[in-house]
Every structure is written in C-alpha cells, then in structure tokens.
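**Student:** First the structure, which I've put down as structure tokens, then a few questions once you've had a look.
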Amino acid sequence: MHRVPRSVRWILGVLGVVVLVVAAGLDANRSGHGADARAKLTVIAPAAAGGGWDLVAREAQQALRGDGIVNNVQVVNVPGAGGTIGLGQLSTQTGVATTIMVTGTVMMGGIARNGSPVELADMTPIARLAEDFEVIVVPADSPYRTLDDLIRDWRANPATTPVGGGSAGGIDHMLAAQLAEAAGIPAAQVRYAAYAGGGELTINLLSTAPGTPGIGISGFNDFRDLIEDGRLRPLAVVAPGRLPGLEATPTMAEAGYPQVDLVNWRGFVAPPGLSEQEQKELIDIVTEMTRTESWRDAVARNRWQETFLAGEAFRQFLAEEQTRITEIVEDLGLS
C-alpha cells in the first residue's frame, strides 16, 4: 500500500480541522481583526479536553476573566498530531491580535515527528509560564511496587509491556524512549500507545481489556485525582526534586536514571503578523494574569513551577528548545 508522506497527512489534518474550528467560533475573531484583546480573547488548547494544555487554558480563562483583565475569554479545543493541528490553524490567523494558543514541549516533539511545515518560530511569541512535571504510574493492583520492578520485566520482554501516554512524539513518548534506552532497552522496541488527552489515557490505563497499557507516563495533573484516590501508584517523578503531595515518590535521579530529565514547559504564542504594540498588549495581559491570586493558586494547586519568560527572550528560547527537542526525537528514532 502506498504510504502518504507525513507532511501531506499533516496538511490534510489541518484542512479537516479548520471546518470544525470555524464552527467553534475562531473565525469570529478574524472578523474583528483590530479588536481589543481585553474585550474578547480566544485561547486555543491544541488538545482534547482533560489534558495538560486544556488545564492551562482553563486556569488562564479563570484568572483573566475572574480578575477582570479580559471581559470575555473563550477556550477552543483543537486536538491532533501533538498540537500541530492547532498550530496549523493558528498560522492561518495572520494579524489576529485576539487569539493566543497554549504550547510547550509536546508541540515541539510533534513538529519534529510529523514534519510540520509550520513551526513555533513562525508565530508571535508571548510568554513561557511554568514547568509541569511528569509522573510514571501503574494501576494500584499492578505487581510493580518500584521503578526497578517495572524495568526488570520491561527489559525481559518489551513487546508485552505497553506504555501509555500522550501524542506520539510528544514528551511522554520521548520520556518512555529515554527511560528504555537508559535501562538498556532499544527505543525502537518500546510499545507505545498514544492517547489524545489525559482523560482517555487514564480510562485505558485502568481498563482490564487485553492490550491496554499497564504503565502510564503523563503530567502529574492528568493522574492527580486517581493517585489521591489510591487507584494509581506513582513510581517516579521526572522533576529536580520530590513534588508536594508525592513526597514518598522518588525522582528519576534518585531512582538511578538521572539522564531521564525532560521537563514539559507551558506557554502562549499568538498568530503571525502582529505589530509590536499588539504583541506588547498580549504580553501585558498575560503578565498581569500571572500576578493574580487566581493564577498563583493554580500554580500551587497543580504543582507547577513558574518560569516566566516573555517577548524576545521567549523567542530565543523557542529557537534553542526546538533544536534540542528535534535532536532528541531523531536520536531516539521517533521521527
């Protein structure tokens, strides 16, 4: 069977989603090209509801609207292809200063893996907000009590040890491949199951159906409720130190795998073609948001670590980080 190139599949995916997004109201913003972002702002979450990007978008919506920074804030979900479907849609909104999109490490992996013709460097940089740490979990009835227990069986038979996470090529996938390589398992042998959002991942992780993953890798917030309810057991956190609420769970360095260290940052970009003044207005809006009590509560509640970086400094970070992530994707054979 003839295989359609990745770039063609990406373009077809964007075209298919455009119709849905128009229906959701994004084009309403295009008609108000010069509209004031403080009157109405659309926040694109480039993933399904229930995942990390959706969480950031809705916490931002609450802080912006609740504290009167923006009168009307709409969140629109545009899932698919590691966030690159949302990125492709944003790229068509040239000059629209009333739309921003959540982005992060996962999207950079999606860009590298899917051969996306659009990159974050093509967008208008607004700000990096915070880092969101990953957790490796198993169901509470799993025989694995420690990461070493898991690695022992995984190394013995990778084909019968499926690992579940977010989009293919995203940070969860990269971490699974990094951990496998560190444990002496060829990354190509990792049996990875990709899911569109955190909700879908946890449903399958807890399923008893044949072939569903028995190991999950995702952001802490995707698993938080089920960890607190005792339905999932955390084996390790990918963070520089132990996380509040997970004090008994070792870091990857403490578990013996310091080279497994990818961190999932979160931030905002806007469409291309904005003026310096329009970019500054969006940066000011997001900066004000980070100073609200609502946002500070969100950071603490979600165990994020603030790493605010705006404007040109953020642009430079995006360029350097995309190079680094692309090298990781290629080195691990995920492209």
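Letters A, B, ... mark the chains of the structure tokens in the order given; residue numbers begin at 1 per chain; ligand numbers begin at 1, in order shown.
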Which residues, written as a list in words, have at least one atom at most 10 Å from Pro125 in chain A, with only C-alpha atoms counted and residues fewer than 4 positions away on the same chain left out?

**Tutor:**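 Within the cut-off, the hits are Ile100, Leu120, Ala121, Gly267, Phe268, Val269, Ala270, Pro271, Pro272, Gln279, Leu282, Ile283, Leu309, Ala310, Gly311, Glu312, Ala313, Phe314, Arg315, Gln316, Phe317 and Leu318 of chain A.
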
**Student:** Counting only C-alpha atoms, give me one row per residue of range 154-194 of chain A with an atom at most 12 Å from an atom of range 246-252 of chain A, showing the shortest contact pair and its distance in Å to one decimal, sorted by chain then residue number, as a Markdown table.

**Tutor:**
| residue | atom | partner | partner_atom | distance |
| --- | --- | --- | --- | --- |
| A:Leu175 | CA | A:Met252 | CA | 10.9 |
| A:Gln178 | CA | A:Met252 | CA | 11.4 |
| A:Leu179 | CA | A:Met252 | CA | 9.3 |
| A:Ala182 | CA | A:Met252 | CA | 11.0 |

**Student:** DSSP on the backbone, alpha helix (DSSP H) only: what residues of range 76-308 of chain A does that give? Format it as an MDAnalysis selection string.

**Tutor:** chainID A and resid 84:91 105:114 147:156 171:182 198:205 220:228 276:290 293:301

**Student:** Apply DSSP to the backbone of this structure and, from range 50-151 of chain A, keep only the residues in strand (DSSP E or B); write these as a list in words.

**Tutor:** Asn72, Val73, Gln74, Val75, Val76, Asn77, Thr99, Ile100, Met101, Val102, Thr103, Gly104, Thr124, Pro125, Ile126, Ala127, Arg128, Leu129, Ala130, Glu131, Asp132, Glu134, Val135, Ile136, Val137, Val138 and Pro139 of chain A

**Student:** A:Gly245, A:Gly109, A:Pro210, A:Pro240: which is nearest Leu334 in chain A, counting only C-alpha atoms?

**Tutor:** A:Gly109

**Student:** Can you measure CA of Arg231 in chain A to CA of Gly184 in chain A for me? One decimal in Å is fine.

**Tutor:**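 Rounded to one decimal, the two atoms are 29.6 Å apart.
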
**Student:** Can you list, as an MDAnalysis selection string, every protein, DNA or RNA residue that comes within 9 Å of range 70-72 of chain A when you count only C-alpha atoms, leaving out same-chain residues fewer than 6 positions away?

**Tutor:** chainID A and resid 37:42 61 64 285

**Student:** For Ser275 in chain A, please output as a ChimeraX atom specification all residues within 10 Å (counting only C-alpha atoms; exclusion window: fewer than 3 positions along the same chain).

**Tutor:** /A:95,97,124,272,278-281

**Student:** From the set A:Asp141, A:Asp153, A:Glu134, A:Glu320, which residue has the shortest atom-to-atom contact distance to Thr208 in chain A, counting only C-alpha atoms?

**Tutor:**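 Looking at the shortest contact to Thr208 in chain A, the residue is A:Asp141.
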
**Student:** Name the residues in contact with Leu243 in chain A at a cut-off of 12 Å, using only C-alpha atoms, excluding same-chain residues fewer than 6 positions from it; report them as an NGL selection string.

**Tutor:** :A and (132-135 or 220-221 or 224 or 234 or 236-237 or 249-251 or 300-305)

**Student:** Could you tell me which of A:Met107, A:Ala196, A:Leu201, A:Leu147 comes closest to Ala47 in chain A if we count only C-alpha atoms?

**Tutor:**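 When distances to Ala47 in chain A are compared using only C-alpha atoms, the smallest one comes from A:Ala196.
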
**Student:** Could you pull the residues within 12 Å of Ile325 in chain A, counting only C-alpha atoms, minus those fewer than 2 positions along the same chain, as a PDB file with N, CA and C atoms, in the first residue's frame?

**Tutor:**
ATOM      1  N   GLY A 104       4.027  24.130  24.201  1.00  0.00           N
ATOM      2  CA  GLY A 104       5.014  23.565  25.115  1.00  0.00           C
ATOM      3  C   GLY A 104       5.842  22.482  24.462  1.00  0.00           C
ATOM      4  N   THR A 105       6.527  21.719  25.274  1.00  0.00           N
ATOM      5  CA  THR A 105       7.456  20.696  24.803  1.00  0.00           C
ATOM      6  C   THR A 105       6.793  19.701  23.873  1.00  0.00           C
ATOM      7  N   VAL A 106       5.580  19.286  24.195  1.00  0.00           N
ATOM      8  CA  VAL A 106       4.882  18.286  23.390  1.00  0.00           C
ATOM      9  C   VAL A 106       4.744  18.744  21.945  1.00  0.00           C
ATOM     10  N   MET A 107       4.398  20.014  21.751  1.00  0.00           N
ATOM     11  CA  MET A 107       4.215  20.521  20.394  1.00  0.00           C
ATOM     12  C   MET A 107       5.529  20.494  19.620  1.00  0.00           C
ATOM     13  N   MET A 108       6.622  20.777  20.296  1.00  0.00           N
ATOM     14  CA  MET A 108       7.918  20.731  19.617  1.00  0.00           C
ATOM     15  C   MET A 108       8.243  19.311  19.148  1.00  0.00           C
ATOM     16  N   GLY A 109       7.892  18.327  19.964  1.00  0.00           N
ATOM     17  CA  GLY A 109       8.063  16.944  19.544  1.00  0.00           C
ATOM     18  C   GLY A 109       7.172  16.617  18.362  1.00  0.00           C
ATOM     19  N   GLY A 110       5.947  17.139  18.377  1.00  0.00           N
ATOM     20  CA  GLY A 110       5.020  16.913  17.274  1.00  0.00           C
ATOM     21  C   GLY A 110       5.517  17.545  15.984  1.00  0.00           C
ATOM     22  N   ILE A 111       6.092  18.738  16.093  1.00  0.00           N
ATOM     23  CA  ILE A 111       6.643  19.422  14.918  1.00  0.00           C
ATOM     24  C   ILE A 111       7.759  18.585  14.305  1.00  0.00           C
ATOM     25  N   ALA A 112       8.654  18.072  15.157  1.00  0.00           N
ATOM     26  CA  ALA A 112       9.793  17.287  14.673  1.00  0.00           C
ATOM     27  C   ALA A 112       9.341  15.957  14.077  1.00  0.00           C
ATOM     28  N   ARG A 113       8.383  15.316  14.717  1.00  0.00           N
ATOM     29  CA  ARG A 113       7.982  13.972  14.291  1.00  0.00           C
ATOM     30  C   ARG A 113       7.070  13.982  13.075  1.00  0.00           C
ATOM     31  N   GLY A 169       5.416  11.052  19.704  1.00  0.00           N
ATOM     32  CA  GLY A 169       6.464  12.029  19.514  1.00  0.00           C
ATOM     33  C   GLY A 169       6.483  13.126  20.555  1.00  0.00           C
ATOM     34  N   GLY A 170       5.480  13.153  21.443  1.00  0.00           N
ATOM     35  CA  GLY A 170       5.409  14.161  22.494  1.00  0.00           C
ATOM     36  C   GLY A 170       6.313  13.814  23.656  1.00  0.00           C
ATOM     37  N   ILE A 171       6.238  14.604  24.723  1.00  0.00           N
ATOM     38  CA  ILE A 171       7.158  14.424  25.836  1.00  0.00           C
ATOM     39  C   ILE A 171       6.985  13.072  26.520  1.00  0.00           C
ATOM     40  N   MET A 174       8.769  10.646  24.319  1.00  0.00           N
ATOM     41  CA  MET A 174      10.208  10.848  24.425  1.00  0.00           C
ATOM     42  C   MET A 174      10.753  10.313  25.751  1.00  0.00           C
ATOM     43  N   LEU A 175      10.002  10.522  26.833  1.00  0.00           N
ATOM     44  CA  LEU A 175      10.445  10.017  28.130  1.00  0.00           C
ATOM     45  C   LEU A 175      10.440   8.491  28.171  1.00  0.00           C
ATOM     46  N   LEU A 262      13.529  15.171  30.824  1.00  0.00           N
ATOM     47  CA  LEU A 262      12.732  16.119  30.045  1.00  0.00           C
ATOM     48  C   LEU A 262      11.638  16.768  30.897  1.00  0.00           C
ATOM     49  N   VAL A 263      11.519  18.069  30.781  1.00  0.00           N
ATOM     50  CA  VAL A 263      10.507  18.825  31.528  1.00  0.00           C
ATOM     51  C   VAL A 263       9.537  19.451  30.535  1.00  0.00           C
ATOM     52  N   ASN A 264       8.267  19.410  30.867  1.00  0.00           N
ATOM     53  CA  ASN A 264       7.221  19.928  29.986  1.00  0.00           C
ATOM     54  C   ASN A 264       6.864  21.360  30.381  1.00  0.00           C
ATOM     55  N   PHE A 317      14.398  31.384  23.345  1.00  0.00           N
ATOM     56  CA  PHE A 317      14.206  30.085  23.997  1.00  0.00           C
ATOM     57  C   PHE A 317      13.531  29.102  23.045  1.00  0.00           C
ATOM     58  N   LEU A 318      12.511  29.560  22.318  1.00  0.00           N
ATOM     59  CA  LEU A 318      11.791  28.681  21.396  1.00  0.00           C
ATOM     60  C   LEU A 318      12.723  28.121  20.325  1.00  0.00           C
ATOM     61  N   ALA A 319      13.592  28.961  19.788  1.00  0.00           N
ATOM     62  CA  ALA A 319      14.515  28.512  18.750  1.00  0.00           C
ATOM     63  C   ALA A 319      15.482  27.470  19.289  1.00  0.00           C
ATOM     64  N   GLU A 320      16.061  27.736  20.455  1.00  0.00           N
ATOM     65  CA  GLU A 320      17.034  26.803  21.040  1.00  0.00           C
ATOM     66  C   GLU A 320      16.365  25.498  21.471  1.00  0.00           C
ATOM     67  N   GLU A 321      15.177  25.606  22.041  1.00  0.00           N
ATOM     68  CA  GLU A 321      14.480  24.415  22.535  1.00  0.00           C
ATOM     69  C   GLU A 321      14.015  23.528  21.394  1.00  0.00           C
ATOM     70  N   GLN A 322      13.568  24.134  20.272  1.00  0.00           N
ATOM     71  CA  GLN A 322      13.150  23.321  19.131  1.00  0.00           C
ATOM     72  C   GLN A 322      14.320  22.531  18.568  1.00  0.00           C
ATOM     73  N   THR A 323      15.493  23.143  18.517  1.00  0.00           N
ATOM     74  CA  THR A 323      16.688  22.429  18.057  1.00  0.00           C
ATOM     75  C   THR A 323      16.999  21.252  18.960  1.00  0.00           C
ATOM     76  N   GLU A 327      16.620  17.150  17.985  1.00  0.00           N
ATOM     77  CA  GLU A 327      17.759  16.230  18.119  1.00  0.00           C
ATOM     78  C   GLU A 327      17.391  15.008  18.957  1.00  0.00           C
ATOM     79  N   ILE A 328      16.631  15.208  20.026  1.00  0.00           N
ATOM     80  CA  ILE A 328      16.217  14.087  20.874  1.00  0.00           C
ATOM     81  C   ILE A 328      15.301  13.148  20.100  1.00  0.00           C
ATOM     82  N   VAL A 329      14.326  13.726  19.391  1.00  0.00           N
ATOM     83  CA  VAL A 329      13.395  12.918  18.596  1.00  0.00           C
ATOM     84  C   VAL A 329      14.152  12.080  17.567  1.00  0.00           C
ATOM     85  N   GLU A 330      15.117  12.694  16.900  1.00  0.00           N
ATOM     86  CA  GLU A 330      15.883  11.986  15.883  1.00  0.00           C
ATOM     87  C   GLU A 330      16.809  10.936  16.500  1.00  0.00           C
ATOM     88  N   ASP A 331      17.473  11.291  17.600  1.00  0.00           N
ATOM     89  CA  ASP A 331      18.395  10.351  18.249  1.00  0.00           C
ATOM     90  C   ASP A 331      17.676   9.116  18.775  1.00  0.00           C
ATOM     91  N   LEU A 332      16.426   9.296  19.202  1.00  0.00           N
ATOM     92  CA  LEU A 332      15.653   8.175  19.744  1.00  0.00           C
ATOM     93  C   LEU A 332      14.879   7.416  18.658  1.00  0.00           C
ATOM     94  N   LEU A 334      12.384   8.519  16.796  1.00  0.00           N
ATOM     95  CA  LEU A 334      10.953   8.764  16.863  1.00  0.00           C
ATOM     96  C   LEU A 334      10.443   9.569  15.678  1.00  0.00           C
ATOM     97  N   SER A 335      11.328  10.031  14.817  1.00  0.00           N
ATOM     98  CA  SER A 335      10.897  10.869  13.699  1.00  0.00           C
ATOM     99  C   SER A 335      10.484  10.017  12.506  1.00  0.00           C
TER     100      SER A 335
END

**Student:** Would you list the contacts of Gly51 in chain A as a list in words, taking every protein, DNA or RNA residue within 7 Å and counting only C-alpha atoms, but skipping same-chain residues closer than 2 positions in sequence?

**Tutor:**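 Close residues of Gly51 in chain A: Ala48, Ala49, Trp53, Asp54, Leu55, Gly197, Gly198, Gly199 and Asp222 of chain A.
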
**Student:** Record the distance separating CA of Ser142 in chain A and CA of Gly214 in chain A, expressed in Å with one decimal.

**Tutor:**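 Result for CA of Ser142 in chain A versus CA of Gly214 in chain A: 7.6 Å, one decimal.
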
**Student:** Looking at A:Thr103, A:Ser91, A:Gln259, A:Thr160, which one is nearest to Ile215 in chain A, with distances taken over only C-alpha atoms?

**Tutor:**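 Looking only at the distances to Ile215 in chain A, the closest residue turns out to be A:Thr160.
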